[in-house]
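Trainee: Pasting final.cif below, which is mmCIF, N, CA and C atoms.
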data_target
loop_
_atom_site.label_atom_id
_atom_site.label_comp_id
_atom_site.auth_asym_id
_atom_site.auth_seq_id
_atom_site.Cartn_x
_atom_site.Cartn_y
_atom_site.Cartn_z
N MET A 10 2.02 50.61 -10.30
CA MET A 10 1.93 49.31 -9.68
C MET A 10 1.53 49.48 -8.22
N ILE A 11 0.62 48.64 -7.77
CA ILE A 11 0.18 48.65 -6.38
C ILE A 11 1.31 48.16 -5.50
N SER A 12 1.54 48.85 -4.40
CA SER A 12 2.55 48.41 -3.44
C SER A 12 2.09 47.14 -2.77
N TRP A 13 3.00 46.21 -2.56
CA TRP A 13 2.69 44.97 -1.87
C TRP A 13 2.90 45.13 -0.37
N ASP A 14 2.95 46.36 0.10
CA ASP A 14 3.14 46.67 1.51
C ASP A 14 1.78 46.69 2.19
N SER A 15 1.67 46.00 3.31
CA SER A 15 0.38 45.88 4.00
C SER A 15 -0.16 47.22 4.46
N SER A 16 0.69 48.21 4.67
CA SER A 16 0.22 49.50 5.16
C SER A 16 -0.69 50.20 4.16
N SER A 17 -0.56 49.89 2.88
CA SER A 17 -1.39 50.52 1.87
C SER A 17 -2.75 49.86 1.73
N MET A 18 -2.95 48.76 2.44
CA MET A 18 -4.20 48.02 2.30
C MET A 18 -5.24 48.42 3.32
N GLY A 19 -4.90 49.36 4.21
CA GLY A 19 -5.87 49.83 5.18
C GLY A 19 -6.20 48.79 6.23
N SER A 20 -5.29 47.95 6.57
CA SER A 20 -5.53 46.90 7.54
C SER A 20 -5.26 47.38 8.95
N ASP A 21 -6.09 46.96 9.88
CA ASP A 21 -5.84 47.25 11.28
C ASP A 21 -4.67 46.43 11.80
N LYS A 22 -4.30 45.38 11.09
CA LYS A 22 -3.23 44.51 11.53
C LYS A 22 -1.86 45.10 11.26
N GLY A 23 -1.78 46.15 10.45
CA GLY A 23 -0.49 46.76 10.13
C GLY A 23 0.44 45.77 9.47
N SER A 24 1.67 45.71 9.94
CA SER A 24 2.67 44.87 9.29
C SER A 24 2.46 43.40 9.55
N SER A 25 1.49 43.02 10.39
CA SER A 25 1.26 41.60 10.65
C SER A 25 0.34 40.97 9.60
N LEU A 26 -0.08 41.74 8.61
CA LEU A 26 -0.92 41.22 7.55
C LEU A 26 -0.19 40.08 6.84
N GLN A 27 -0.81 38.94 6.78
CA GLN A 27 -0.21 37.77 6.15
C GLN A 27 -0.59 37.73 4.67
N PHE A 28 0.22 37.02 3.87
CA PHE A 28 -0.05 36.96 2.44
C PHE A 28 -1.46 36.45 2.17
N GLN A 29 -1.89 35.40 2.88
CA GLN A 29 -3.20 34.85 2.60
C GLN A 29 -4.32 35.85 2.87
N ASP A 30 -4.06 36.89 3.67
CA ASP A 30 -5.02 37.96 3.90
C ASP A 30 -4.92 39.03 2.80
N PHE A 31 -3.76 39.13 2.20
CA PHE A 31 -3.44 40.22 1.30
C PHE A 31 -4.07 40.07 -0.09
N LEU A 32 -4.03 38.88 -0.65
CA LEU A 32 -4.53 38.68 -2.00
C LEU A 32 -6.03 38.98 -2.12
N PRO A 33 -6.88 38.54 -1.17
CA PRO A 33 -8.30 38.91 -1.28
C PRO A 33 -8.52 40.42 -1.22
N VAL A 34 -7.72 41.11 -0.41
CA VAL A 34 -7.83 42.57 -0.33
C VAL A 34 -7.50 43.17 -1.69
N MET A 35 -6.45 42.68 -2.30
CA MET A 35 -6.08 43.17 -3.64
C MET A 35 -7.18 42.86 -4.65
N ALA A 36 -7.75 41.66 -4.57
CA ALA A 36 -8.80 41.28 -5.52
C ALA A 36 -10.00 42.20 -5.39
N ARG A 37 -10.39 42.51 -4.16
CA ARG A 37 -11.53 43.42 -3.95
C ARG A 37 -11.19 44.82 -4.44
N LYS A 38 -9.97 45.24 -4.22
CA LYS A 38 -9.56 46.61 -4.56
C LYS A 38 -9.37 46.78 -6.07
N LEU A 39 -8.83 45.76 -6.73
CA LEU A 39 -8.44 45.89 -8.14
C LEU A 39 -9.40 45.24 -9.13
N GLY A 40 -10.21 44.30 -8.67
CA GLY A 40 -11.03 43.50 -9.58
C GLY A 40 -10.17 42.40 -10.19
N VAL A 41 -10.79 41.49 -10.91
CA VAL A 41 -10.09 40.33 -11.44
C VAL A 41 -8.97 40.72 -12.40
N GLU A 42 -9.28 41.59 -13.36
CA GLU A 42 -8.26 41.97 -14.35
C GLU A 42 -7.09 42.69 -13.69
N GLY A 43 -7.38 43.57 -12.76
CA GLY A 43 -6.33 44.29 -12.06
C GLY A 43 -5.46 43.36 -11.23
N LEU A 44 -6.10 42.38 -10.59
CA LEU A 44 -5.34 41.41 -9.80
C LEU A 44 -4.41 40.60 -10.69
N ILE A 45 -4.90 40.18 -11.83
CA ILE A 45 -4.06 39.41 -12.76
C ILE A 45 -2.88 40.26 -13.22
N GLN A 46 -3.12 41.52 -13.51
CA GLN A 46 -2.02 42.41 -13.92
C GLN A 46 -0.99 42.54 -12.81
N GLU A 47 -1.45 42.68 -11.56
CA GLU A 47 -0.51 42.80 -10.44
C GLU A 47 0.26 41.50 -10.20
N LEU A 48 -0.40 40.37 -10.38
CA LEU A 48 0.31 39.09 -10.25
C LEU A 48 1.39 38.98 -11.32
N CYS A 49 1.07 39.43 -12.52
CA CYS A 49 2.07 39.41 -13.60
C CYS A 49 3.25 40.32 -13.26
N LYS A 50 2.97 41.48 -12.68
CA LYS A 50 4.06 42.38 -12.27
C LYS A 50 4.89 41.74 -11.16
N GLY A 51 4.22 41.05 -10.22
CA GLY A 51 4.93 40.35 -9.17
C GLY A 51 5.84 39.28 -9.75
N PHE A 52 5.33 38.57 -10.75
CA PHE A 52 6.15 37.55 -11.42
C PHE A 52 7.38 38.19 -12.04
N GLN A 53 7.19 39.32 -12.71
CA GLN A 53 8.32 40.01 -13.35
C GLN A 53 9.38 40.41 -12.34
N LEU A 54 8.95 40.82 -11.14
CA LEU A 54 9.89 41.20 -10.09
C LEU A 54 10.72 40.01 -9.59
N LEU A 55 10.10 38.84 -9.58
CA LEU A 55 10.75 37.67 -8.99
C LEU A 55 11.52 36.81 -9.98
N MET A 56 11.19 36.91 -11.25
CA MET A 56 11.78 35.99 -12.22
C MET A 56 13.25 36.26 -12.49
N GLU A 57 13.90 35.24 -12.95
CA GLU A 57 15.29 35.32 -13.41
C GLU A 57 15.24 35.77 -14.86
N PRO A 58 15.77 36.95 -15.17
CA PRO A 58 15.67 37.47 -16.54
C PRO A 58 16.22 36.53 -17.61
N SER A 59 17.26 35.79 -17.29
CA SER A 59 17.87 34.93 -18.31
C SER A 59 17.00 33.72 -18.66
N THR A 60 16.12 33.30 -17.75
CA THR A 60 15.29 32.13 -18.02
C THR A 60 13.82 32.48 -18.21
N GLY A 61 13.40 33.65 -17.72
CA GLY A 61 12.00 34.02 -17.78
C GLY A 61 11.15 33.24 -16.79
N LYS A 62 11.81 32.64 -15.80
CA LYS A 62 11.11 31.85 -14.78
C LYS A 62 11.62 32.24 -13.40
N ILE A 63 10.83 31.90 -12.40
CA ILE A 63 11.26 32.11 -11.02
C ILE A 63 12.02 30.88 -10.58
N THR A 64 13.27 31.08 -10.21
CA THR A 64 14.08 30.00 -9.66
C THR A 64 14.17 30.21 -8.15
N PHE A 65 14.66 29.22 -7.43
CA PHE A 65 14.84 29.39 -6.00
C PHE A 65 15.74 30.59 -5.73
N GLN A 66 16.82 30.71 -6.50
CA GLN A 66 17.76 31.81 -6.29
C GLN A 66 17.10 33.17 -6.53
N SER A 67 16.32 33.28 -7.59
CA SER A 67 15.67 34.57 -7.86
C SER A 67 14.58 34.86 -6.84
N LEU A 68 13.89 33.82 -6.37
CA LEU A 68 12.87 34.01 -5.33
C LEU A 68 13.53 34.48 -4.04
N LYS A 69 14.61 33.83 -3.66
CA LYS A 69 15.30 34.20 -2.43
C LYS A 69 15.85 35.63 -2.53
N ARG A 70 16.42 35.97 -3.67
CA ARG A 70 17.03 37.28 -3.87
C ARG A 70 15.98 38.40 -3.84
N ASN A 71 14.78 38.13 -4.34
CA ASN A 71 13.78 39.18 -4.52
C ASN A 71 12.57 39.06 -3.61
N ALA A 72 12.53 38.07 -2.73
CA ALA A 72 11.34 37.81 -1.91
C ALA A 72 10.95 39.01 -1.06
N SER A 73 11.91 39.75 -0.56
CA SER A 73 11.58 40.88 0.30
C SER A 73 10.79 41.96 -0.45
N ARG A 74 10.92 42.02 -1.76
CA ARG A 74 10.17 42.99 -2.56
C ARG A 74 8.67 42.75 -2.46
N LEU A 75 8.28 41.50 -2.19
CA LEU A 75 6.87 41.16 -2.10
C LEU A 75 6.44 40.88 -0.66
N GLY A 76 7.27 41.29 0.27
CA GLY A 76 6.93 41.08 1.67
C GLY A 76 7.15 39.67 2.16
N LEU A 77 7.95 38.89 1.44
CA LEU A 77 8.22 37.50 1.81
C LEU A 77 9.63 37.33 2.37
N GLY A 78 10.29 38.42 2.70
CA GLY A 78 11.68 38.39 3.13
C GLY A 78 11.94 37.62 4.41
N GLU A 79 10.91 37.45 5.23
CA GLU A 79 11.10 36.74 6.50
C GLU A 79 11.02 35.23 6.35
N LEU A 80 10.68 34.74 5.18
CA LEU A 80 10.58 33.29 4.98
C LEU A 80 11.97 32.66 4.95
N ARG A 81 12.07 31.50 5.60
CA ARG A 81 13.32 30.74 5.60
C ARG A 81 13.50 30.02 4.26
N ASP A 82 14.73 29.58 4.01
CA ASP A 82 15.02 28.86 2.76
C ASP A 82 14.11 27.66 2.58
N ASP A 83 13.88 26.88 3.66
CA ASP A 83 13.04 25.69 3.52
C ASP A 83 11.60 26.07 3.17
N GLU A 84 11.11 27.22 3.64
CA GLU A 84 9.77 27.67 3.31
C GLU A 84 9.70 28.13 1.84
N LEU A 85 10.74 28.81 1.40
CA LEU A 85 10.79 29.22 -0.01
C LEU A 85 10.86 28.00 -0.93
N LEU A 86 11.67 27.02 -0.53
CA LEU A 86 11.77 25.78 -1.32
C LEU A 86 10.44 25.06 -1.38
N GLU A 87 9.72 25.04 -0.27
CA GLU A 87 8.40 24.40 -0.24
C GLU A 87 7.43 25.12 -1.18
N MET A 88 7.48 26.46 -1.19
CA MET A 88 6.65 27.22 -2.13
C MET A 88 6.98 26.84 -3.56
N MET A 89 8.28 26.74 -3.85
CA MET A 89 8.71 26.36 -5.20
C MET A 89 8.18 24.97 -5.56
N ARG A 90 8.33 24.03 -4.64
CA ARG A 90 7.86 22.66 -4.92
C ARG A 90 6.36 22.62 -5.12
N GLU A 91 5.63 23.35 -4.29
CA GLU A 91 4.17 23.35 -4.38
C GLU A 91 3.69 23.95 -5.71
N GLY A 92 4.38 24.98 -6.18
CA GLY A 92 3.95 25.65 -7.39
C GLY A 92 4.49 25.06 -8.68
N ASP A 93 5.51 24.24 -8.60
CA ASP A 93 6.19 23.70 -9.78
C ASP A 93 5.40 22.54 -10.38
N LEU A 94 4.38 22.85 -11.13
CA LEU A 94 3.47 21.83 -11.66
C LEU A 94 4.10 20.92 -12.70
N ASP A 95 5.09 21.43 -13.44
CA ASP A 95 5.72 20.60 -14.47
C ASP A 95 7.06 20.01 -14.02
N SER A 96 7.39 20.19 -12.75
CA SER A 96 8.59 19.60 -12.12
C SER A 96 9.90 19.97 -12.82
N ASP A 97 9.98 21.20 -13.34
CA ASP A 97 11.23 21.60 -13.99
C ASP A 97 12.14 22.39 -13.04
N GLY A 98 11.72 22.53 -11.78
CA GLY A 98 12.55 23.22 -10.80
C GLY A 98 12.41 24.72 -10.79
N ALA A 99 11.48 25.26 -11.57
CA ALA A 99 11.26 26.70 -11.66
C ALA A 99 9.77 26.95 -11.87
N LEU A 100 9.36 28.19 -11.64
CA LEU A 100 7.96 28.56 -11.85
C LEU A 100 7.82 29.47 -13.06
N ASP A 101 6.97 29.06 -14.00
CA ASP A 101 6.66 29.98 -15.09
C ASP A 101 5.52 30.89 -14.62
N GLN A 102 5.09 31.80 -15.45
CA GLN A 102 4.11 32.79 -15.02
C GLN A 102 2.79 32.14 -14.61
N MET A 103 2.33 31.14 -15.35
CA MET A 103 1.07 30.49 -15.01
C MET A 103 1.18 29.75 -13.68
N GLU A 104 2.27 29.04 -13.46
CA GLU A 104 2.47 28.33 -12.20
C GLU A 104 2.50 29.31 -11.03
N PHE A 105 3.15 30.45 -11.22
CA PHE A 105 3.21 31.47 -10.18
C PHE A 105 1.82 31.99 -9.82
N CYS A 106 1.03 32.31 -10.83
CA CYS A 106 -0.32 32.84 -10.58
C CYS A 106 -1.20 31.80 -9.89
N ILE A 107 -1.11 30.56 -10.32
CA ILE A 107 -1.88 29.49 -9.68
C ILE A 107 -1.45 29.34 -8.23
N LEU A 108 -0.16 29.37 -7.98
CA LEU A 108 0.35 29.24 -6.61
C LEU A 108 -0.14 30.39 -5.74
N MET A 109 -0.11 31.60 -6.24
CA MET A 109 -0.54 32.74 -5.44
C MET A 109 -2.01 32.61 -5.05
N VAL A 110 -2.84 32.15 -5.95
CA VAL A 110 -4.25 31.96 -5.65
C VAL A 110 -4.43 30.81 -4.66
N ARG A 111 -3.69 29.72 -4.85
CA ARG A 111 -3.78 28.58 -3.94
C ARG A 111 -3.32 28.92 -2.53
N LEU A 112 -2.38 29.84 -2.40
CA LEU A 112 -1.90 30.25 -1.08
C LEU A 112 -2.85 31.20 -0.38
N SER A 113 -3.95 31.53 -1.03
CA SER A 113 -4.92 32.45 -0.46
C SER A 113 -6.29 31.79 -0.37
N PRO A 114 -6.52 30.96 0.65
CA PRO A 114 -7.80 30.25 0.75
C PRO A 114 -9.01 31.18 0.84
N GLU A 115 -8.85 32.35 1.45
CA GLU A 115 -9.98 33.27 1.56
C GLU A 115 -10.44 33.73 0.18
N LEU A 116 -9.50 33.96 -0.72
CA LEU A 116 -9.86 34.37 -2.08
C LEU A 116 -10.65 33.26 -2.76
N MET A 117 -10.21 32.02 -2.60
CA MET A 117 -10.90 30.90 -3.21
C MET A 117 -12.32 30.78 -2.65
N GLU A 118 -12.49 30.97 -1.35
CA GLU A 118 -13.81 30.90 -0.73
C GLU A 118 -14.72 32.00 -1.27
N GLU A 119 -14.19 33.22 -1.36
CA GLU A 119 -14.99 34.34 -1.86
C GLU A 119 -15.43 34.09 -3.29
N GLU A 120 -14.50 33.66 -4.13
CA GLU A 120 -14.84 33.41 -5.54
C GLU A 120 -15.80 32.24 -5.67
N GLY A 121 -15.64 31.22 -4.84
CA GLY A 121 -16.53 30.07 -4.87
C GLY A 121 -17.96 30.46 -4.55
N HIS A 122 -18.14 31.36 -3.59
CA HIS A 122 -19.48 31.82 -3.24
C HIS A 122 -20.09 32.63 -4.38
N ARG A 123 -19.29 33.41 -5.07
CA ARG A 123 -19.80 34.22 -6.17
C ARG A 123 -20.29 33.35 -7.32
N VAL A 124 -19.61 32.24 -7.55
CA VAL A 124 -20.00 31.34 -8.64
C VAL A 124 -21.43 30.85 -8.43
N PHE A 125 -21.79 30.60 -7.17
CA PHE A 125 -23.10 30.03 -6.89
C PHE A 125 -24.11 31.07 -6.38
N ASP A 126 -23.78 32.33 -6.49
CA ASP A 126 -24.66 33.40 -6.03
C ASP A 126 -25.45 33.94 -7.20
N PHE A 127 -26.54 33.23 -7.55
CA PHE A 127 -27.36 33.62 -8.70
C PHE A 127 -28.56 34.43 -8.25
N GLU A 128 -28.95 35.36 -9.06
CA GLU A 128 -30.19 36.10 -8.84
C GLU A 128 -31.34 35.21 -9.31
N LYS A 129 -32.38 35.13 -8.51
CA LYS A 129 -33.54 34.30 -8.89
C LYS A 129 -34.69 35.16 -9.33
#
Produce structure tokens that represent the structure in this file.

Mentor:
Amino acid sequence: MISWDSSSMGSDKGSSLQFQDFLPVMARKLGVEGLIQELCKGFQLLMEPSTGKITFQSLKRNASRLGLGELRDDELLEMMREGDLDSDGALDQMEFCILMVRLSPELMEEEGHRVFDFEK
């Protein structure tokens, strides 16, 4: 499993690397399939084993594993609300993956350009 530590990403920013900077680096390094596999592993680290979903409690308990340990409770709750598409109070694997991509605007911009980058 790829470490979610910014030092392994070769960034000049060191530990100041923000999540929104991190996902595009992973996507370039791993490719689409590899990124999806790593997101699934991230989900497994954060989820509550008894429910198979990420709850606020499991996110708070495990956030530091993904470099999110400095986030306040209100920020974690906002992430949960933003990602909870079915309003059940928890994130399933699909909701988690969608949220991670949405939290990374640079990744969306890069992928958007590729969609329209046709050879003529």

Trainee: Please determine, counting only C-alpha atoms, which residue among A:Ala72, A:Glu47, A:Lys38, A:Lys62 has the shortest atom-to-atom distance to Glu104 (chain A).

Mentor: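 Smallest separation from Glu104 (chain A) among the options: A:Lys62.
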
Trainee: Figure out the distance between CA of Phe65 (chain A) and CA of Met89 (chain A), please, to one decimal in Å.

Mentor: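 According to the coordinates, CA of Met89 (chain A) and CA of Phe65 (chain A) are separated by 6.9 Å.
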
Trainee: Quick one: distance from atom C of Asn71 (chain A) to atom C of Leu55 (chain A) in Å, one decimal?

Mentor: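 So the two atoms, atom C of Asn71 (chain A) and atom C of Leu55 (chain A), lie 6.8 Å apart.
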
Trainee: Just the number, please: distance in Å from atom C of Leu80 (chain A) to CA of Gly43 (chain A), one decimal.

Mentor: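 Separating atom C of Leu80 (chain A) from CA of Gly43 (chain A) is a distance of 27.6 Å.
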
Trainee: Please enclose the listed atoms of region 66-70 of chain A in an axis-aligned box, pad each side by 8 Å, and write out the centre and the three edge lengths in Å, rounded to one decimal, as AutoDock Vina command-line options.

Mentor:
--center_x 15.3 --center_y 34.6 --center_z -5.1 --size_x 20.9 --size_y 23.7 --size_z 21.4

Trainee: Taking only region 29-116 of chain A into account, list the residues labelled helix (DSSP H, G or I) by DSSP (computed from the backbone), as JSON, numbers by chain.

Mentor: {"A": [29, 30, 31, 32, 33, 34, 35, 36, 37, 38, 39, 40, 41, 42, 43, 44, 45, 46, 47, 48, 49, 50, 51, 52, 53, 54, 55, 65, 66, 67, 68, 69, 70, 71, 72, 73, 74, 75, 82, 83, 84, 85, 86, 87, 88, 89, 90, 91, 92, 102, 103, 104, 105, 106, 107, 108, 109, 110, 111, 114, 115, 116]}
